[in-house]
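Chemist: What follows is the file target-v9.csv, containing CSV, C-alpha atoms and all ligand atoms:
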```csv
chain,number,residue,atom,x,y,z
A,31,MET,CA,-7.2,-26.2,31.4
A,32,ALA,CA,-5.6,-23.6,29.2
A,33,LEU,CA,-5.1,-20.0,30.2
A,34,ALA,CA,-7.5,-17.5,28.6
A,35,GLY,CA,-6.3,-16.2,25.3
A,36,SER,CA,-4.4,-19.3,24.2
A,37,ALA,CA,-6.1,-19.3,20.8
A,38,VAL,CA,-5.0,-15.8,20.1
A,39,LYS,CA,-1.5,-16.5,21.5
A,40,SER,CA,-1.1,-19.5,19.1
A,41,SER,CA,-1.9,-17.2,16.3
A,42,LYS,CA,0.6,-14.6,17.4
A,43,SER,CA,3.4,-17.2,17.5
A,44,THR,CA,2.6,-18.3,14.0
A,45,SER,CA,2.4,-14.6,13.0
A,46,ARG,CA,5.9,-14.1,14.5
A,47,LYS,CA,7.3,-17.1,12.6
A,48,ALA,CA,6.0,-15.5,9.4
A,49,SER,CA,7.4,-12.1,10.3
A,50,LYS,CA,10.3,-12.5,7.9
A,51,ALA,CA,7.8,-13.1,5.1
A,52,LYS,CA,6.0,-10.3,3.5
A,53,THR,CA,3.1,-9.0,5.4
A,54,ALA,CA,-0.4,-8.8,3.9
A,55,LEU,CA,0.1,-5.0,3.6
A,56,ASP,CA,3.4,-5.5,1.8
A,57,ARG,CA,1.7,-7.9,-0.6
A,58,PHE,CA,-1.4,-5.9,-1.3
A,59,GLY,CA,-0.3,-2.4,-0.6
A,60,GLU,CA,-2.0,0.3,1.4
A,61,ILE,CA,-4.9,2.3,0.2
A,62,LYS,CA,-5.9,5.7,1.6
A,63,MET,CA,-8.4,5.8,4.4
A,64,PRO,CA,-11.5,7.3,2.8
A,65,ASP,CA,-13.2,10.5,4.0
A,66,LEU,CA,-16.0,9.3,6.3
A,67,THR,CA,-18.3,12.3,5.9
A,68,TYR,CA,-22.0,11.5,5.5
A,69,THR,CA,-22.8,13.0,2.2
A,70,ASP,CA,-25.9,13.1,0.0
A,71,LYS,CA,-24.3,10.6,-2.3
A,72,ILE,CA,-23.6,8.2,0.6
A,73,ALA,CA,-27.2,8.7,2.0
A,74,LYS,CA,-28.7,7.8,-1.4
A,75,ALA,CA,-26.4,4.8,-2.1
A,76,THR,CA,-27.0,3.3,1.4
A,77,ALA,CA,-30.7,4.0,1.6
A,78,PRO,CA,-31.8,0.4,0.4
A,79,LEU,CA,-29.5,-1.1,3.0
A,80,TYR,CA,-30.9,1.0,5.8
A,81,GLU,CA,-34.3,-0.4,5.0
A,82,LYS,CA,-33.0,-3.8,6.1
A,83,VAL,CA,-31.9,-2.6,9.5
A,84,ARG,CA,-34.3,0.3,10.3
A,85,HIS,CA,-36.0,-1.7,13.0
A,86,HIS,CA,-32.7,-2.0,14.8
A,87,ILE,CA,-30.8,1.2,14.1
A,88,PRO,CA,-32.6,4.5,14.8
A,89,GLU,CA,-32.6,6.9,11.9
A,90,ILE,CA,-30.5,9.4,13.9
A,91,GLU,CA,-27.7,6.8,14.1
A,92,TRP,CA,-27.6,5.9,10.5
A,93,PRO,CA,-25.3,8.8,9.4
A,94,ILE,CA,-22.6,7.3,11.7
A,95,HIS,CA,-22.8,3.8,10.2
A,96,ALA,CA,-23.6,4.7,6.5
A,97,PRO,CA,-20.1,6.0,5.5
A,98,TYR,CA,-18.5,2.8,6.9
A,99,VAL,CA,-21.1,0.7,5.1
A,100,TYR,CA,-20.5,2.6,1.8
A,101,TRP,CA,-16.7,2.5,1.9
A,102,ILE,CA,-16.5,-1.2,3.1
A,103,ASN,CA,-18.7,-2.2,0.2
A,104,LYS,CA,-16.6,-0.2,-2.2
A,105,LEU,CA,-13.2,-1.3,-0.9
A,106,LYS,CA,-14.0,-5.0,-0.7
A,107,LYS,CA,-14.5,-4.9,-4.4
A,108,LYS,CA,-11.3,-2.9,-4.9
A,109,ARG,CA,-9.4,-5.4,-2.7
A,110,ASN,CA,-11.1,-8.5,-4.3
A,111,ALA,CA,-12.3,-9.4,-0.8
A,112,THR,CA,-15.3,-11.3,0.5
A,113,ILE,CA,-16.8,-10.8,4.0
A,114,LEU,CA,-17.9,-13.9,6.0
A,115,ALA,CA,-20.1,-13.0,8.9
A,116,HIS,CA,-21.4,-15.2,11.7
A,117,ASN,CA,-25.1,-15.1,12.7
A,118,TYR,CA,-24.0,-13.3,16.0
A,119,GLN,CA,-22.6,-10.2,14.2
A,120,THR,CA,-24.5,-7.0,14.6
A,121,PRO,CA,-27.3,-6.2,12.1
A,122,GLU,CA,-25.3,-3.5,10.3
A,123,ILE,CA,-22.6,-6.0,9.6
A,124,TYR,CA,-24.9,-9.0,8.9
A,125,HIS,CA,-27.3,-7.1,6.6
A,126,CYS,CA,-25.2,-4.3,5.1
A,127,VAL,CA,-21.6,-5.5,4.4
A,128,ALA,CA,-21.5,-9.3,4.7
A,129,ASP,CA,-21.4,-11.4,1.5
A,130,ILE,CA,-21.9,-14.7,3.2
A,131,VAL,CA,-23.7,-15.3,6.6
A,132,GLY,CA,-24.3,-18.4,8.6
A,133,ASP,CA,-23.3,-20.6,11.6
A,134,SER,CA,-19.9,-22.1,12.0
A,135,LEU,CA,-20.6,-25.1,9.7
A,136,GLN,CA,-22.1,-22.9,6.9
A,137,LEU,CA,-19.2,-20.5,7.1
A,138,ALA,CA,-16.7,-23.3,7.1
A,139,ARG,CA,-18.3,-24.8,4.0
A,140,GLU,CA,-18.4,-21.5,2.2
A,141,ALA,CA,-14.9,-20.5,3.2
A,142,GLY,CA,-13.5,-23.4,1.2
A,143,LEU,CA,-15.3,-22.1,-1.9
A,144,VAL,CA,-14.3,-18.5,-1.8
A,145,LYS,CA,-12.8,-17.3,-5.1
A,146,GLU,CA,-11.8,-13.8,-4.0
A,147,GLU,CA,-8.2,-13.3,-2.9
A,148,ILE,CA,-9.0,-12.0,0.6
A,149,ILE,CA,-11.4,-13.3,3.2
A,150,ILE,CA,-12.5,-10.9,6.0
A,151,GLN,CA,-13.8,-13.1,8.8
A,152,CYS,CA,-16.4,-11.3,10.9
A,153,GLY,CA,-16.6,-13.7,13.7
A,154,VAL,CA,-14.1,-15.1,16.2
A,155,HIS,CA,-10.5,-16.2,15.8
A,156,PHE,CA,-11.1,-20.0,15.5
A,157,MET,CA,-13.5,-19.3,12.6
A,158,ALA,CA,-10.8,-17.3,10.8
A,159,GLU,CA,-8.3,-20.2,11.4
A,160,THR,CA,-10.9,-22.6,9.9
A,161,SER,CA,-11.2,-20.5,6.8
A,162,LYS,CA,-7.4,-20.4,6.4
A,163,LEU,CA,-7.3,-24.2,6.9
A,164,LEU,CA,-9.9,-24.8,4.2
A,165,ASN,CA,-8.7,-22.2,1.7
A,166,PRO,CA,-4.9,-21.8,2.5
A,167,GLU,CA,-4.1,-19.9,-0.7
A,168,LYS,CA,-6.3,-17.0,0.5
A,169,THR,CA,-5.3,-14.2,2.7
A,170,VAL,CA,-7.5,-14.4,5.8
A,171,LEU,CA,-8.0,-11.2,7.9
A,172,ILE,CA,-9.8,-10.8,11.2
A,173,PRO,CA,-10.7,-7.2,12.1
A,174,ASP,CA,-9.8,-7.8,15.8
A,175,MET,CA,-7.2,-10.4,16.7
A,176,ARG,CA,-8.5,-10.4,20.3
A,177,ALA,CA,-11.9,-11.9,19.3
A,178,GLY,CA,-11.5,-15.2,21.1
A,179,CYS,CA,-14.0,-17.7,22.5
A,180,SER,CA,-14.3,-19.2,26.0
A,181,LEU,CA,-14.7,-22.6,24.6
A,182,ALA,CA,-11.7,-22.4,22.3
A,183,GLU,CA,-9.6,-21.2,25.2
A,184,SER,CA,-10.7,-24.0,27.6
A,185,ILE,CA,-8.5,-26.7,26.0
A,186,THR,CA,-5.0,-27.1,24.4
A,187,ALA,CA,-3.4,-29.6,22.1
A,188,ALA,CA,-1.4,-30.9,25.2
A,189,ASP,CA,-4.7,-31.6,26.9
A,190,ILE,CA,-5.9,-33.7,24.0
A,191,ARG,CA,-2.6,-35.7,23.9
A,192,LEU,CA,-3.1,-36.5,27.6
A,193,LEU,CA,-6.6,-37.6,27.0
A,194,ARG,CA,-5.4,-40.0,24.2
A,195,GLU,CA,-2.8,-41.4,26.5
A,196,ALA,CA,-5.3,-42.0,29.3
A,197,HIS,CA,-8.1,-43.3,27.0
A,198,SER,CA,-6.3,-45.2,24.2
A,199,GLY,CA,-8.6,-46.1,21.3
A,200,VAL,CA,-11.4,-43.7,22.2
A,201,PRO,CA,-12.2,-41.4,19.2
A,202,ILE,CA,-11.9,-37.7,19.9
A,203,VAL,CA,-14.5,-35.4,18.4
A,204,THR,CA,-13.8,-31.7,18.9
A,205,TYR,CA,-16.3,-28.9,18.5
A,206,VAL,CA,-15.2,-26.5,15.8
A,207,ASN,CA,-15.0,-23.8,18.5
A,208,THR,CA,-11.4,-24.8,19.1
A,209,SER,CA,-8.0,-23.6,18.0
A,210,ALA,CA,-6.2,-25.1,14.9
A,211,GLU,CA,-3.7,-26.9,17.2
A,212,VAL,CA,-6.5,-28.6,19.1
A,213,LYS,CA,-8.2,-29.6,15.8
A,214,ALA,CA,-4.9,-31.0,14.6
A,215,GLU,CA,-4.9,-33.5,17.5
A,216,SER,CA,-8.5,-34.6,16.9
A,217,ASP,CA,-10.0,-37.3,14.8
A,218,ILE,CA,-12.8,-35.2,13.5
A,219,CYS,CA,-14.6,-31.9,14.2
A,220,CYS,CA,-18.3,-31.3,14.7
A,221,THR,CA,-20.6,-28.3,15.0
A,222,SER,CA,-23.8,-28.1,17.1
A,223,SER,CA,-25.8,-29.0,14.0
A,224,ASN,CA,-24.0,-32.2,13.2
A,225,ALA,CA,-22.6,-33.4,16.6
A,226,VAL,CA,-25.0,-36.4,16.9
A,227,ARG,CA,-24.2,-37.6,13.4
A,228,VAL,CA,-20.5,-37.2,13.9
A,229,VAL,CA,-20.5,-39.1,17.1
A,230,GLU,CA,-22.5,-41.9,15.6
A,231,SER,CA,-20.1,-42.1,12.6
A,232,PHE,CA,-17.7,-44.1,14.9
A,233,GLU,CA,-18.0,-47.8,15.6
A,234,SER,CA,-16.7,-47.3,19.1
A,235,ASP,CA,-19.2,-47.4,21.9
A,236,THR,CA,-17.4,-44.6,23.7
A,237,VAL,CA,-16.6,-41.3,22.1
A,238,PHE,CA,-15.0,-38.1,23.4
A,239,LEU,CA,-17.0,-34.9,22.5
A,240,ILE,CA,-15.0,-31.9,23.7
A,241,PRO,CA,-14.6,-29.2,24.9
A,242,ASP,CA,-18.2,-28.2,25.5
A,243,GLU,CA,-19.5,-30.0,28.5
A,244,TYR,CA,-23.1,-28.9,27.9
A,245,LEU,CA,-23.2,-29.8,24.2
A,246,ALA,CA,-21.8,-33.2,25.1
A,247,GLN,CA,-24.4,-33.7,27.8
A,248,ASN,CA,-27.2,-32.7,25.4
A,249,VAL,CA,-25.9,-34.9,22.6
A,250,ALA,CA,-25.6,-37.9,25.1
A,251,LYS,CA,-29.4,-37.7,25.5
A,252,LEU,CA,-29.8,-38.3,21.7
A,253,THR,CA,-27.4,-41.2,21.2
A,254,LYS,CA,-26.7,-44.6,22.6
A,255,LYS,CA,-23.0,-43.9,22.6
A,256,LYS,CA,-21.2,-43.2,25.9
A,257,ILE,CA,-20.0,-39.6,25.7
A,258,LEU,CA,-16.9,-38.5,27.6
A,259,THR,CA,-16.3,-34.7,27.7
A,260,TRP,CA,-14.4,-31.8,29.1
A,261,ALA,CA,-15.4,-28.9,31.4
A,262,GLY,CA,-15.4,-26.1,28.8
A,263,HIS,CA,-18.4,-23.8,28.5
A,264,CYS,CA,-19.7,-21.0,26.3
A,265,GLU,CA,-19.8,-18.0,28.5
A,266,VAL,CA,-22.9,-16.7,26.7
A,267,HIS,CA,-25.1,-19.8,26.7
A,268,GLU,CA,-24.1,-21.0,30.2
A,269,ARG,CA,-25.8,-17.9,31.7
A,270,PHE,CA,-29.3,-18.9,30.7
A,271,THR,CA,-31.3,-20.7,33.4
A,272,ALA,CA,-34.4,-23.0,33.3
A,273,GLU,CA,-36.0,-20.8,36.0
A,274,GLU,CA,-35.9,-17.6,33.8
A,275,LEU,CA,-37.3,-19.5,30.8
A,276,LEU,CA,-40.1,-21.1,32.9
A,277,ALA,CA,-41.1,-17.6,34.1
A,278,TYR,CA,-41.6,-16.5,30.5
A,279,LYS,CA,-43.7,-19.7,29.8
A,280,LYS,CA,-45.8,-19.0,32.9
A,281,ALA,CA,-46.4,-15.5,31.8
A,282,ASP,CA,-47.5,-16.7,28.3
A,283,PRO,CA,-47.9,-20.5,27.8
A,284,ALA,CA,-48.1,-20.0,24.0
A,285,ILE,CA,-44.4,-18.9,23.9
A,286,GLN,CA,-42.2,-21.4,22.1
A,287,ILE,CA,-38.7,-21.6,23.5
A,288,ILE,CA,-35.8,-22.5,21.2
A,289,ALA,CA,-32.4,-23.0,22.7
A,290,HIS,CA,-28.9,-23.5,21.5
A,291,PRO,CA,-27.4,-26.8,22.6
A,292,GLU,CA,-24.4,-25.0,24.3
A,293,CYS,CA,-27.0,-24.2,27.0
A,294,PRO,CA,-27.1,-26.3,30.1
A,295,PRO,CA,-29.2,-29.5,29.8
A,296,SER,CA,-31.7,-28.0,32.3
A,297,VAL,CA,-32.4,-25.2,29.9
A,298,VAL,CA,-32.7,-27.5,26.9
A,299,ALA,CA,-35.1,-29.6,28.9
A,300,VAL,CA,-37.6,-26.8,29.2
A,301,SER,CA,-37.3,-25.8,25.6
A,302,ASP,CA,-39.6,-26.7,22.7
A,303,TYR,CA,-36.6,-27.1,20.3
A,304,ALA,CA,-32.8,-27.1,20.6
A,305,GLY,CA,-30.5,-26.7,17.6
A,306,SER,CA,-27.7,-24.9,16.0
A,307,THR,CA,-28.2,-21.2,15.0
A,308,ALA,CA,-29.0,-22.4,11.5
A,309,GLY,CA,-31.6,-24.9,13.0
A,310,MET,CA,-33.0,-22.1,15.1
A,311,ILE,CA,-33.5,-19.9,12.1
A,312,GLU,CA,-35.2,-22.7,10.2
A,313,TYR,CA,-37.5,-23.4,13.2
A,314,ALA,CA,-38.4,-19.7,13.5
A,315,LYS,CA,-39.1,-19.4,9.8
A,316,THR,CA,-41.5,-22.3,9.7
A,317,ARG,CA,-43.7,-20.9,12.6
A,318,LYS,CA,-47.1,-19.4,11.8
A,319,PRO,CA,-47.4,-15.6,11.7
A,320,GLY,CA,-48.3,-14.4,15.1
A,321,ALA,CA,-46.2,-17.0,16.9
A,322,LYS,CA,-44.1,-15.9,19.8
A,323,VAL,CA,-40.6,-17.3,19.8
A,324,LEU,CA,-38.2,-16.9,22.7
A,325,LEU,CA,-34.6,-17.2,21.4
A,326,VAL,CA,-32.2,-18.6,23.9
A,327,THR,CA,-28.9,-17.6,22.3
A,328,GLU,CA,-26.7,-14.5,21.6
A,329,CYS,CA,-28.7,-11.3,21.2
A,330,SER,CA,-27.9,-10.3,17.7
A,331,MET,CA,-29.3,-13.4,16.1
A,332,ALA,CA,-32.9,-12.5,16.8
A,333,SER,CA,-32.4,-9.1,15.3
A,334,ASN,CA,-30.7,-10.6,12.2
A,335,ILE,CA,-33.4,-13.2,11.5
A,336,GLU,CA,-36.5,-11.0,12.2
A,337,MET,CA,-36.5,-10.2,8.5
A,338,GLU,CA,-36.5,-13.9,7.4
A,339,ALA,CA,-39.2,-14.9,9.8
A,340,LYS,CA,-41.8,-12.3,9.1
A,341,GLY,CA,-44.8,-12.1,11.4
A,342,VAL,CA,-43.1,-14.0,14.2
A,343,GLU,CA,-42.7,-12.1,17.4
A,344,PHE,CA,-39.3,-12.6,18.9
A,345,ILE,CA,-38.7,-12.4,22.7
A,346,LYS,CA,-35.0,-11.9,23.4
A,347,PRO,CA,-33.6,-12.7,26.9
A,348,CYS,CA,-30.4,-11.1,25.7
A,349,ASN,CA,-26.9,-12.3,26.4
A,350,LEU,CA,-24.1,-10.7,24.3
A,351,CYS,CA,-20.9,-12.5,23.2
A,352,PRO,CA,-18.2,-10.0,24.0
A,353,HIS,CA,-15.8,-11.7,21.6
A,354,MET,CA,-18.2,-11.4,18.6
A,355,LYS,CA,-18.9,-7.8,19.5
A,356,ARG,CA,-15.2,-6.9,19.1
A,357,ILE,CA,-15.9,-6.9,15.4
A,358,THR,CA,-17.2,-3.5,14.3
A,359,LEU,CA,-17.7,-1.5,11.1
A,360,PRO,CA,-14.7,0.8,11.8
A,361,LYS,CA,-12.4,-2.3,12.4
A,362,ILE,CA,-13.6,-4.0,9.2
A,363,LEU,CA,-12.8,-0.8,7.2
A,364,GLU,CA,-9.3,-0.7,8.8
A,365,SER,CA,-8.8,-4.4,7.8
A,366,LEU,CA,-9.5,-3.5,4.2
A,367,VAL,CA,-7.4,-0.3,4.2
A,368,TYR,CA,-4.4,-1.6,6.2
A,369,MET,CA,-4.7,-5.4,5.5
A,370,LYS,CA,-4.9,-6.4,9.1
A,371,GLU,CA,-5.0,-8.7,11.1
A,372,GLU,CA,-3.7,-11.6,9.1
A,373,VAL,CA,-4.5,-15.1,10.4
A,374,LEU,CA,-1.7,-17.6,9.7
A,375,VAL,CA,-1.5,-21.2,10.7
A,376,ASP,CA,1.7,-23.3,10.8
A,377,PRO,CA,1.5,-25.4,7.5
A,378,ALA,CA,2.3,-28.8,9.2
A,379,MET,CA,-0.4,-28.2,11.9
A,380,ALA,CA,-2.8,-26.8,9.3
A,381,LYS,CA,-2.5,-30.1,7.3
A,382,LYS,CA,-3.6,-32.2,10.3
A,383,ALA,CA,-6.3,-29.7,11.4
A,384,LYS,CA,-7.7,-29.5,7.9
A,385,ARG,CA,-8.1,-33.3,7.8
A,386,ALA,CA,-10.3,-33.1,10.9
A,387,VAL,CA,-12.4,-30.3,9.6
A,388,GLU,CA,-12.7,-31.9,6.1
A,389,ARG,CA,-13.8,-35.2,7.6
A,390,MET,CA,-16.7,-33.3,9.2
A,391,VAL,CA,-17.5,-31.2,6.1
A,392,ASN,CA,-17.5,-34.3,3.9
A,393,LEU,CA,-19.6,-36.5,6.3
A,394,LYS,CA,-22.6,-37.7,4.4
A,395,PRO,CA,-26.0,-36.6,5.7
A,396,ASN,CA,-28.1,-39.4,7.2
B,1,LIG,S1,-21.0,-17.2,21.7
B,1,LIG,FE1,-19.9,-18.6,23.1
B,1,LIG,S2,-19.1,-20.2,21.7
B,1,LIG,FE2,-19.7,-18.4,20.4
B,1,LIG,S3,-17.8,-17.3,20.2
B,1,LIG,FE3,-19.0,-16.4,22.0
B,1,LIG,S4,-18.1,-17.5,23.7
B,1,LIG,FE4,-17.5,-18.7,21.9
```
For the file at hand, write its structure as structure tokens.
Modeler:
Amino acid sequence: MALAGSAVKSSKSTSRKASKAKTALDRFGEIKMPDLTYTDKIAKATAPLYEKVRHHIPEIEWPIHAPYVYWINKLKKKRNATILAHNYQTPEIYHCVADIVGDSLQLAREAGLVKEEIIIQCGVHFMAETSKLLNPEKTVLIPDMRAGCSLAESITAADIRLLREAHSGVPIVTYVNTSAEVKAESDICCTSSNAVRVVESFESDTVFLIPDEYLAQNVAKLTKKKILTWAGHCEVHERFTAEELLAYKKADPAIQIIAHPECPPSVVAVSDYAGSTAGMIEYAKTRKPGAKVLLVTECSMASNIEMEAKGVEFIKPCNLCPHMKRITLPKILESLVYMKEEVLVDPAMAKKAKRAVERMVNLKPN
């Protein structure tokens, strides 16, 4: 198993190699950090955005967020930048400054279509790398280079090469929550929304689905393929237990439990539905008003989808992702002002990794 932080380390090494080249700041130039005073002008301009988040941000706190929201929206136009935000970002990022929101697959698809010169990735490092792979001409920035992922850090390219040696001929499917160097060694990538389809796209009876052990075990229940896996876990979803969910169900049998497939199989077994974050949103949106839905995933997602699933009461047994939460409004503003932190991927590795991601993105729906 890799040491924690390997994804971020790999990026630093590619950043070092590129240190002789012009930095993003050299290329785009610095702009002055704006005055972050909460003025009447900012209050008026941001009032419609506050309406989207008033259930999550007390009025007394809005003057702290509003100047950042105002200036991020101004400067992203000036920089010709677009902001991609994962469903696990906080409501003020998701609703007030993001241009595109979604799960890993949706963001990967959209990243390849971005026309603006700069992509600001509000998510974790492997997502920024994926954007760079799919749209290499663009400058990709992540507001905090330390935003890693326990799954991505659980496996290295050397691990994959050893697996290939030991299991010659067995296709290797890697979850998108992996570094570019791991993707480069894989046959194809998958996300939680398409993992079954990807696994079944191979003729082989046995397929590796790595590095998420729980996702692999959950997928194995939905396919006849023999699934081999790896002992990586999402540190957010592995914390949920079947016991705690059954306690909610006992208190109110009408509660519908929806879980992410990165949860242990015992958790998925007591859930009414399991699917990707996009699948969970769709499930919640189609519930009748008055339904009670317990979301077994990262905390911010329920807050973000409450607006889309009006009338549904969400119960949130909350677990935060510390990596996603490294991304904040002040850091996004700094990214735009100082053009940091740029995510670079070695071109030879990028070519191989891109092939694995594109195979997934281009896989025909069933
Ligand atoms: S929620 Fe889990 S899988 Fe997603 S970034 Fe955080 S640690 Fe990684």
Chemist: Hey, which residues sit close to ligand LIG 1 (chain B)? Say within 8 Å, counting all atoms listed in the file, and write them as a ChimeraX atom specification.
Modeler: /A:118,153-154,178-182,207,263-267,292,327-328,350-354
Chemist: Which of these residues is nearest to Thr76 (chain A), using all atoms listed in the file: A:Ala332, A:Ala339, A:Val99, A:Ile61?
Modeler: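 Ranked by minimum distance to Thr76 (chain A), first place goes to A:Val99.
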Chemist: Find the nearest atom pair between each residue of region 78-151 of chain A and region 167-174 of chain A for residues within 12 Å, count only C-alpha atoms, give distances in Å to one decimal, sort rows by chain and ascending number, and present the table as CSV.
Modeler:
```
residue,atom,partner,partner_atom,distance
A:Arg109,CA,A:Thr169,CA,11.1
A:Asn110,CA,A:Thr169,CA,10.7
A:Ala111,CA,A:Thr169,CA,9.2
A:Thr112,CA,A:Val170,CA,9.9
A:Ile113,CA,A:Leu171,CA,9.6
A:Leu114,CA,A:Ile172,CA,10.1
A:Ala115,CA,A:Ile172,CA,10.8
A:Ala141,CA,A:Lys168,CA,9.7
A:Gly142,CA,A:Lys168,CA,9.7
A:Leu143,CA,A:Lys168,CA,10.6
A:Val144,CA,A:Lys168,CA,8.5
A:Lys145,CA,A:Lys168,CA,8.6
A:Glu146,CA,A:Lys168,CA,7.8
A:Glu147,CA,A:Lys168,CA,5.4
A:Ile148,CA,A:Thr169,CA,4.8
A:Ile149,CA,A:Val170,CA,4.8
A:Ile150,CA,A:Leu171,CA,4.9
A:Gln151,CA,A:Ile172,CA,5.2
```
Chemist: Take CA of Leu324 (chain A) and CA of Ala289 (chain A) and report the distance between them in Å, one decimal.
Modeler: 8.4 Å
Chemist: Have a look at A:Arg57, A:Pro347, A:Leu366, A:Glu91 and name the one nearest to Lys107 (chain A); count all atoms listed in the file.
Modeler: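 Nearest to Lys107 (chain A): A:Leu366.
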Chemist: Do a neighbour search on Asp282 (chain A) at 12 Å with all atoms listed in the file, toss out local chain neighbours closer than 2 positions, and write the hits as an NGL selection string.
Modeler: :A and (275-280 or 284-287 or 321-324 or 345)
Chemist: Which residue is closest to Thr307 (chain A)? Choose from A:Glu89, A:Asp217, A:Asp65, A:Asp133 and count all atoms listed in the file.
Modeler: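 Closest candidate: A:Asp133.
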Chemist: Could you list, as a PyMOL selection string, every residue within 10 Å of region 190-202 of chain A, counting all atoms listed in the file and ignoring same-chain residues fewer than 2 positions away?
Modeler: chain A and resi 185-188+204-205+211-219+229+232-241+258-260
Chemist: Residues within 12 Å of (-24.9, -25.2, 13.1), file coordinates, counting all atoms listed in the file: what are they? Give the list as a ChimeraX atom specification.
Modeler: /A:116-117,131-139,205-207,220-226,290-292,304-312,391
Chemist: Keeping only C-alpha atoms, write the selected residues to a file as an mmCIF file, keeping the file's coordinate frame.
Modeler:
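Saved file selection_31.cif follows:
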```cif
data_model
loop_
_atom_site.group_PDB
_atom_site.id
_atom_site.type_symbol
_atom_site.label_atom_id
_atom_site.label_comp_id
_atom_site.auth_asym_id
_atom_site.auth_seq_id
_atom_site.Cartn_x
_atom_site.Cartn_y
_atom_site.Cartn_z
ATOM 1 C CA HIS A 116 -21.400 -15.200 11.700
ATOM 2 C CA ASN A 117 -25.100 -15.100 12.700
ATOM 3 C CA VAL A 131 -23.700 -15.300 6.600
ATOM 4 C CA GLY A 132 -24.300 -18.400 8.600
ATOM 5 C CA ASP A 133 -23.300 -20.600 11.600
ATOM 6 C CA SER A 134 -19.900 -22.100 12.000
ATOM 7 C CA LEU A 135 -20.600 -25.100 9.700
ATOM 8 C CA GLN A 136 -22.100 -22.900 6.900
ATOM 9 C CA LEU A 137 -19.200 -20.500 7.100
ATOM 10 C CA ALA A 138 -16.700 -23.300 7.100
ATOM 11 C CA ARG A 139 -18.300 -24.800 4.000
ATOM 12 C CA TYR A 205 -16.300 -28.900 18.500
ATOM 13 C CA VAL A 206 -15.200 -26.500 15.800
ATOM 14 C CA ASN A 207 -15.000 -23.800 18.500
ATOM 15 C CA CYS A 220 -18.300 -31.300 14.700
ATOM 16 C CA THR A 221 -20.600 -28.300 15.000
ATOM 17 C CA SER A 222 -23.800 -28.100 17.100
ATOM 18 C CA SER A 223 -25.800 -29.000 14.000
ATOM 19 C CA ASN A 224 -24.000 -32.200 13.200
ATOM 20 C CA ALA A 225 -22.600 -33.400 16.600
ATOM 21 C CA VAL A 226 -25.000 -36.400 16.900
ATOM 22 C CA HIS A 290 -28.900 -23.500 21.500
ATOM 23 C CA PRO A 291 -27.400 -26.800 22.600
ATOM 24 C CA GLU A 292 -24.400 -25.000 24.300
ATOM 25 C CA ALA A 304 -32.800 -27.100 20.600
ATOM 26 C CA GLY A 305 -30.500 -26.700 17.600
ATOM 27 C CA SER A 306 -27.700 -24.900 16.000
ATOM 28 C CA THR A 307 -28.200 -21.200 15.000
ATOM 29 C CA ALA A 308 -29.000 -22.400 11.500
ATOM 30 C CA GLY A 309 -31.600 -24.900 13.000
ATOM 31 C CA MET A 310 -33.000 -22.100 15.100
ATOM 32 C CA ILE A 311 -33.500 -19.900 12.100
ATOM 33 C CA GLU A 312 -35.200 -22.700 10.200
ATOM 34 C CA VAL A 391 -17.500 -31.200 6.100
#
```
Chemist: In terms of the shortest atom-to-atom distance over all atoms listed in the file, which of A:Glu364, A:Glu268, A:Glu243, A:Glu338 is closest to Lys62 (chain A)?
Modeler: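 Closest to Lys62 (chain A) of all the choices is A:Glu364.
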Chemist: Find, counting only C-alpha atoms, the residue in A:Ala177, A:Val297, A:Ala210, A:Ala272 that gets nearest to Gln247 (chain A).
Modeler: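 Smallest separation from Gln247 (chain A) among the options: A:Val297.
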Chemist: As an exercise, work out the distance from CA of Lys361 (chain A) to CA of Ala128 (chain A) in Å and give it to one decimal place.
Modeler: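 Going from CA of Lys361 (chain A) over to CA of Ala128 (chain A), I get 13.8 Å.
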Chemist: Could you tell me, as a PyMOL selection string, which residues have any atom at most 9 Å from (-24.2, 3.8, 0.7), counting only C-alpha atoms?
Modeler: chain A and resi 71-80+96-101+103
Chemist: Calculated over all atoms listed in the file, which of the candidates A:Thr67, A:Thr160, A:Thr53, A:Gln119 has the smallest distance to Ser333 (chain A)?
Modeler: A:Gln119
